[in-house]
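K.L.:
Encoded as structure tokens, here's the structure I'll be asking about.
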Amino acid sequence: MQHRLCVELQVFKASKPEHIPETFAAIGGRARVGALLFAADIAVLDPNLSQVVALTAKYRLPAIYPWPYYVTAGGLMSYGPIPAAFHYRSATFVDKLLKGANAADLPVEQPTKFELVINLKTAKALGLTIPPSVLGRADQLIE
């Protein structure tokens with residue numbers, strides 16, 4: 001038996017740091033968004049992660065972030081590649097390139113190790129109860 005989640009995907013983008021507040025106003029206002037899934041964004045979101053986490057809390061939106069440092073800063077949860085492993089693999093490619101390898105000859109790799117980090121304090125502030133089955137799968141719980 002197949003189940004449908006009946007979830008509508010809406011895409012919001014803040015292309016500049018000064019667009020972050022207005023984007024959140026749209027998300028928290030007329031868009032009627034129930035939860036957020038953030039894509040990795042080292043140009044706009046990462047440098048402004050404190051503001052992003054604060055606005056997510058202001059609008060009381062559960063959110064999943066790509067990196068654990070958002071959760072450490074007060075975000076609800078993250079699920080993504082383990083940053084240390086991700087950076088190690090990147091360094092391996094840089095090393096090969098510096099030794100003369102042709103970028104076109106290097107294989108495309110996908111991360112193989114992922115981690116789930118949950119901030120229990122944020123869950124409580126949002127009035128969420130994280131199911132024990134999800135808590136049991138977490139690699140790290142922040143209390």
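Going through the structure tokens in order, the chains are called A, B, and so on, while each chain numbers its residues from 1 and the ligands are numbered from 1 in the order shown.
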So that I can check the surroundings of A:Ala35, please list as number ranges by chain every protein, DNA and RNA residue that reaches within 12 Å of it, counting only C-alpha atoms and ignoring chain neighbours fewer than 3 positions away.
P.N.:
A: 7-11, 27-28, 31-32, 38, 56-57, 59-65, 76-77, 126, 128
K.L.:
Work out how far apart atom CA of A:Ile42 and atom CA of A:Ala123 are and give it in Å to one decimal.
P.N.:
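For atom CA of A:Ile42 relative to atom CA of A:Ala123, the distance reads 25.2 Å.
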K.L.:
Interatomic distance between atom CA of A:Asn119 and atom CA of A:Pro131?
P.N.:
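Between these atoms lies a distance of 13.3 Å.
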K.L.:
If we count only C-alpha atoms and set the cut-off at 7 Å, which residues sit around stretch 49-52 of chain A, ignoring sequence neighbours fewer than 3 positions away in its own chain? Please answer as JSON, numbers by chain.
P.N.:
{"A": [45, 46, 55, 56, 70, 73]}
K.L.:
Write a file of the just-selected residues containing C-alpha atoms, as a PDB file, in the first residue's frame.
P.N.:
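New file again_4.pdb:
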```
ATOM      1  CA  LEU A  45      22.394  31.748   4.708  1.00  0.00           C
ATOM      2  CA  ASP A  46      25.564  30.458   6.377  1.00  0.00           C
ATOM      3  CA  LEU A  55      13.617  34.305  12.236  1.00  0.00           C
ATOM      4  CA  THR A  56      12.731  30.628  12.065  1.00  0.00           C
ATOM      5  CA  TYR A  70      22.596  25.595  12.689  1.00  0.00           C
ATOM      6  CA  ALA A  73      22.931  27.894  17.128  1.00  0.00           C
TER       7      ALA A  73
END
```
K.L.:
List every residue of stretch 45-133 of chain A that DSSP, applied to the backbone of this structure, places in strand (DSSP E or B), and write the result as a list of chain:residue names.
P.N.:
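Selecting the strand (DSSP E or B) positions of stretch 45-133 of chain A gives A:Ala63, A:Ile64, A:Tyr65, A:Met77, A:Ser78, A:Tyr79, A:Gly80, A:Pro81, A:Phe114, A:Glu115, A:Leu116, A:Val117, A:Ile118, A:Asn119.
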K.L.:
I need the chosen residues saved as a tab-separated table (two decimals), in the first residue's frame, with C-alpha atoms.
P.N.:
```tsv
chain	number	residue	atom	x	y	z
A	63	ALA	CA	13.10	23.48	10.21
A	64	ILE	CA	15.68	21.01	9.00
A	65	TYR	CA	19.06	22.53	8.16
A	77	MET	CA	17.45	19.69	13.48
A	78	SER	CA	19.93	18.98	10.74
A	79	TYR	CA	20.41	16.05	8.46
A	80	GLY	CA	23.24	15.94	6.00
A	81	PRO	CA	26.75	14.80	5.26
A	114	PHE	CA	25.13	11.37	7.10
A	115	GLU	CA	24.25	12.58	10.57
A	116	LEU	CA	21.03	13.61	12.27
A	117	VAL	CA	21.31	16.25	15.01
A	118	ILE	CA	18.28	17.33	17.05
A	119	ASN	CA	17.95	20.27	19.43
```
K.L.:
Between A:Gln140, A:Ala26, A:Pro47, A:Ser15, which has the minimum distance to A:Ile82 (counting only C-alpha atoms)?
P.N.:
A:Gln140
K.L.:
Do a neighbour search on A:Val108 at 12 Å with only C-alpha atoms, toss out local chain neighbours closer than 6 positions, and write the hits as a list in words.
P.N.:
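Here the qualifying residues turn out to be Arg89, Ser90 and Phe93 of chain A.
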K.L.:
Going by DSSP on the backbone, which residues of stretch 1-129 of chain A come out as alpha helix (DSSP H)? List them as a ChimeraX atom specification.
P.N.:
/A:20-28,49-58,68-72,83-98,120-125
